[in-house]
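Here the structure is laid out as structure tokens; the discussion comes afterwards.
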Amino acid sequence: MKTEFLSEDQTKRAAEILKGGGIVAIPTETVYGLAASVYDKNAIKAIFKAKGRPSDNPLIVHISGLEDIENIVSKIPENAKKLAEKFWPGPLTMIMPKNSKIPKEVTGGLDSVAIRYPANEISRRIISQAGVPLVAPSANISGRPSPTKFEHVVNDLNGKINAVVDGGECAVGLESTVVSMLSDIPKILRPGKISAEDIKKVVGAVEIDKSVFEKPNGFEKILSPGMKYKHYSPKTPIKMVIGDACKYAEFVNTHRNEDIGALCFDEDIPFLKVPYVSYGSVYDTISQSRNLFEALREVDKLDVKILYAHYKEIDSLSLAVYNRLIRAAAFCVISL
Ligand code: AMP
Ligand code: MG
């Protein structure tokens, strides 16, 4: 298939392709999404095929106004109204009970549906011009780092999708916070820019699902199916290293004859004697979030056997970085 490359001024063309049953990668403020009409089962199948995504991994439905929700859910929990008021449009996805109009293909067979109202102007324009809510999982091959630039989408999906809209670099760079609103206390299933503290301030209490921190053991019921799959992985195997700058540099340099590389912070660079890619300043979690997925794509160019990724907790956004990095490292952590 020939993939059309569209500029941000060609949203009408993108909408036309979506209305005709096509699949189109679109920019959002989190990462690029691979969009299709929520009601088009064939287009939804094409998304799973293009990404190589397991069919039980549900999709997030993207809306362009609060009025769209009534056509998607059977009930809007009170706390969801409060969070929508505070954080929408923005990088928050809420899981609510679905209604019968939403095909099971969208929700991986679940009775709930994930909804997000994105802030990015281009994505909002495309959703309104398409005239229907759009499903839009990250526009990458499943298992690869999520795409934060037009080039990342082209590298992964050129020839497999109908079009991609160039909206430049994504402002947030990590996927949305996913929070389940199915019980009285909201539960975070995937951390993102909107933190547990942000949510707690609005609704009084919030829980964080343990799958955010731990590898699923294969026996428990998994609330967020996406969490059980391999994620964000470069081709080079990664180990996550937790420790201060001196210890990290010493550790990495000790292994320098073993064909290794570093995924590090800017501040580590002067002390390293191995090839490296930096993902931002240790003190700036906003830039770490924006850079991480691109850095995870860049590290393969170092052409090393193993990569030691430096992590340090700084603030409430660190959990989102940690969650992606520990999955990229297949839960292999070295604490110094
Ligand atoms: P992505 O589309 O790549 O951003 O991934 C979407 C994430 O949302 C995955 O981790 C899904 O498991 C999760 N998700 C979507 N819908 C639901 C749902 N109804 N219940 C639980 N998790 C969901
Ligand atoms: Mg994804």
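Letters A, B, ... go to the chains of the structure tokens in the order shown; residues in each chain start at 1; ligands are counted from 1 in the same order.
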Distance filter 6 Å around ligand 1, atoms: only C-alpha atoms and all ligand atoms, out as a PyMOL selection string: chain A and resi 57-60+95+107+110+112-114+137-138+175+223-227
Hey, can you spit out that residue selection with all heavy atoms as a CSV table (one decimal), in the first residue's frame?
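Below you can see out-v2.csv, which holds the result:
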```
chain,number,residue,atom,x,y,z
A,57,ASN,N,-5.6,-6.6,23.3
A,57,ASN,CA,-5.0,-5.4,23.9
A,57,ASN,C,-5.9,-4.2,23.4
A,57,ASN,O,-5.9,-3.8,22.3
A,57,ASN,CB,-3.6,-5.2,23.5
A,57,ASN,CG,-2.9,-4.0,24.2
A,57,ASN,OD1,-3.5,-3.4,25.1
A,57,ASN,ND2,-1.7,-3.8,23.9
A,58,PRO,N,-6.8,-3.7,24.3
A,58,PRO,CA,-7.8,-2.8,23.9
A,58,PRO,C,-7.3,-1.4,23.5
A,58,PRO,O,-6.2,-1.0,23.8
A,58,PRO,CB,-8.7,-2.6,25.2
A,58,PRO,CG,-7.9,-3.1,26.3
A,58,PRO,CD,-6.8,-4.0,25.8
A,59,LEU,N,-8.1,-0.7,22.7
A,59,LEU,CA,-7.8,0.6,22.1
A,59,LEU,C,-8.4,1.7,22.9
A,59,LEU,O,-9.5,1.6,23.5
A,59,LEU,CB,-8.2,0.6,20.7
A,59,LEU,CG,-7.8,-0.6,19.8
A,59,LEU,CD1,-8.4,-0.4,18.4
A,59,LEU,CD2,-6.3,-0.7,19.7
A,60,ILE,N,-7.7,2.9,22.8
A,60,ILE,CA,-8.3,4.1,23.5
A,60,ILE,C,-9.2,4.8,22.4
A,60,ILE,O,-8.7,5.0,21.3
A,60,ILE,CB,-7.2,5.0,24.0
A,60,ILE,CG1,-6.4,4.2,25.2
A,60,ILE,CG2,-7.8,6.3,24.5
A,60,ILE,CD1,-5.2,5.0,25.7
A,95,ILE,N,-11.1,5.0,32.0
A,95,ILE,CA,-11.9,3.8,31.7
A,95,ILE,C,-13.2,3.8,32.4
A,95,ILE,O,-13.3,4.0,33.6
A,95,ILE,CB,-11.0,2.5,32.1
A,95,ILE,CG1,-9.8,2.5,31.2
A,95,ILE,CG2,-11.8,1.2,31.9
A,95,ILE,CD1,-8.8,1.5,31.6
A,107,THR,N,-12.5,-3.0,22.5
A,107,THR,CA,-12.2,-3.2,23.9
A,107,THR,C,-11.5,-4.5,24.2
A,107,THR,O,-11.4,-4.9,25.4
A,107,THR,CB,-13.4,-3.0,24.7
A,107,THR,OG1,-14.3,-4.0,24.4
A,107,THR,CG2,-14.1,-1.6,24.5
A,110,LEU,N,-13.5,-6.6,26.5
A,110,LEU,CA,-13.9,-6.1,27.9
A,110,LEU,C,-15.3,-5.3,27.8
A,110,LEU,O,-15.6,-4.8,26.7
A,110,LEU,CB,-12.8,-5.2,28.4
A,110,LEU,CG,-11.4,-5.8,28.6
A,110,LEU,CD1,-10.4,-4.7,29.0
A,110,LEU,CD2,-11.5,-6.8,29.7
A,112,SER,N,-15.6,-2.6,29.4
A,112,SER,CA,-15.3,-1.2,29.7
A,112,SER,C,-14.6,-0.6,28.5
A,112,SER,O,-14.1,-1.4,27.6
A,112,SER,CB,-14.3,-1.2,30.9
A,112,SER,OG,-13.2,-1.9,30.6
A,113,VAL,N,-14.5,0.7,28.5
A,113,VAL,CA,-13.9,1.4,27.3
A,113,VAL,C,-13.0,2.5,27.8
A,113,VAL,O,-13.4,3.2,28.8
A,113,VAL,CB,-15.0,1.9,26.3
A,113,VAL,CG1,-16.0,2.9,27.0
A,113,VAL,CG2,-14.4,2.5,25.1
A,114,ALA,N,-11.9,2.7,27.2
A,114,ALA,CA,-10.9,3.8,27.6
A,114,ALA,C,-11.2,5.0,26.7
A,114,ALA,O,-11.3,4.8,25.5
A,114,ALA,CB,-9.5,3.3,27.4
A,137,PRO,N,-4.4,3.7,18.9
A,137,PRO,CA,-3.3,3.2,19.7
A,137,PRO,C,-2.0,3.8,19.2
A,137,PRO,O,-2.0,4.4,18.1
A,137,PRO,CB,-3.3,1.7,19.4
A,137,PRO,CG,-3.9,1.6,18.0
A,137,PRO,CD,-4.9,2.7,17.9
A,138,SER,N,-0.9,3.7,19.9
A,138,SER,CA,0.3,4.3,19.5
A,138,SER,C,0.7,3.8,18.1
A,138,SER,O,0.5,2.6,17.8
A,138,SER,CB,1.4,4.0,20.5
A,138,SER,OG,1.5,2.7,20.8
A,175,GLU,N,3.0,8.2,26.6
A,175,GLU,CA,1.5,8.0,26.4
A,175,GLU,C,0.8,8.5,27.7
A,175,GLU,O,1.3,8.7,28.7
A,175,GLU,CB,1.2,6.5,26.3
A,175,GLU,CG,1.9,5.8,25.1
A,175,GLU,CD,3.2,5.2,25.6
A,175,GLU,OE1,3.8,5.7,26.6
A,175,GLU,OE2,3.7,4.2,25.0
A,223,LEU,N,-5.6,-6.0,34.9
A,223,LEU,CA,-6.7,-4.9,34.7
A,223,LEU,C,-6.4,-4.2,33.4
A,223,LEU,O,-7.3,-3.9,32.7
A,223,LEU,CB,-6.7,-3.9,35.8
A,223,LEU,CG,-7.1,-4.5,37.2
A,223,LEU,CD1,-7.0,-3.4,38.3
A,223,LEU,CD2,-8.5,-5.0,37.1
A,224,SER,N,-5.1,-4.0,33.0
A,224,SER,CA,-4.8,-3.4,31.8
A,224,SER,C,-4.0,-4.3,30.9
A,224,SER,O,-2.9,-4.5,31.1
A,224,SER,CB,-4.0,-2.1,32.0
A,224,SER,OG,-3.6,-1.5,30.8
A,225,PRO,N,-4.7,-5.0,29.9
A,225,PRO,CA,-4.1,-6.0,29.1
A,225,PRO,C,-2.8,-5.6,28.5
A,225,PRO,O,-1.8,-6.4,28.4
A,225,PRO,CB,-5.1,-6.3,28.0
A,225,PRO,CG,-6.4,-6.0,28.7
A,225,PRO,CD,-6.1,-4.8,29.5
A,226,GLY,N,-2.6,-4.3,28.1
A,226,GLY,CA,-1.4,-3.8,27.5
A,226,GLY,C,-0.2,-4.0,28.3
A,226,GLY,O,0.9,-4.1,27.8
A,227,MET,N,-0.4,-4.0,29.7
A,227,MET,CA,0.7,-4.1,30.6
A,227,MET,C,1.5,-5.4,30.6
A,227,MET,O,2.6,-5.5,31.1
A,227,MET,CB,0.3,-3.8,32.0
A,227,MET,CG,0.0,-2.3,32.3
A,227,MET,SD,1.6,-1.4,32.2
A,227,MET,CE,1.0,0.3,32.1
```
Please provide the set of residues having any atom within 9 Å of region 188-197 of chain A, restricted to only C-alpha atoms, with same-chain residues fewer than 4 positions apart removed, written as a ChimeraX atom specification. /A:30,87,90-92,172,174-180,201-202,205-212,223-224,227,286,289,316-317,319-321,323
Give me, please, the distance in Å between CA of Ile126 (chain A) and CA of His231 (chain A), quoted to one decimal.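 So the answer is 27.7 Å.
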Applying 6 Å and only C-alpha atoms, which residues near region 37-48 of chain A remain after dropping the ones on its own chain fewer than 2 positions away? List them as a list in words. Gly21, Ala50, Lys51, Gly52, Arg53, Pro133, Leu134 and Val135 of chain A
Restrict the selected residues to C-alpha atoms and save them as a PDB file, in the first residue's frame.
```pdb
ATOM      1  CA  GLY A  21     -12.473   3.102   6.074  1.00  0.00           C
ATOM      2  CA  ALA A  50      -0.415  -3.103  10.734  1.00  0.00           C
ATOM      3  CA  LYS A  51       0.917  -2.850  14.309  1.00  0.00           C
ATOM      4  CA  GLY A  52       1.134  -6.590  14.942  1.00  0.00           C
ATOM      5  CA  ARG A  53      -0.880  -5.870  18.115  1.00  0.00           C
ATOM      6  CA  PRO A 133     -14.705   9.219  17.719  1.00  0.00           C
ATOM      7  CA  LEU A 134     -11.446   7.598  16.638  1.00  0.00           C
ATOM      8  CA  VAL A 135      -9.581   4.670  18.147  1.00  0.00           C
TER       9      VAL A 135
END
```
Using DSSP on the backbone coordinates, identify the residues of region 55-278 of chain A assigned to helix (DSSP H, G or I); present them as number ranges by chain. A: 66-71, 78-87, 104-107, 121-130, 150-157, 196-203, 210-212, 225-228, 245-254, 256-258, 266-271
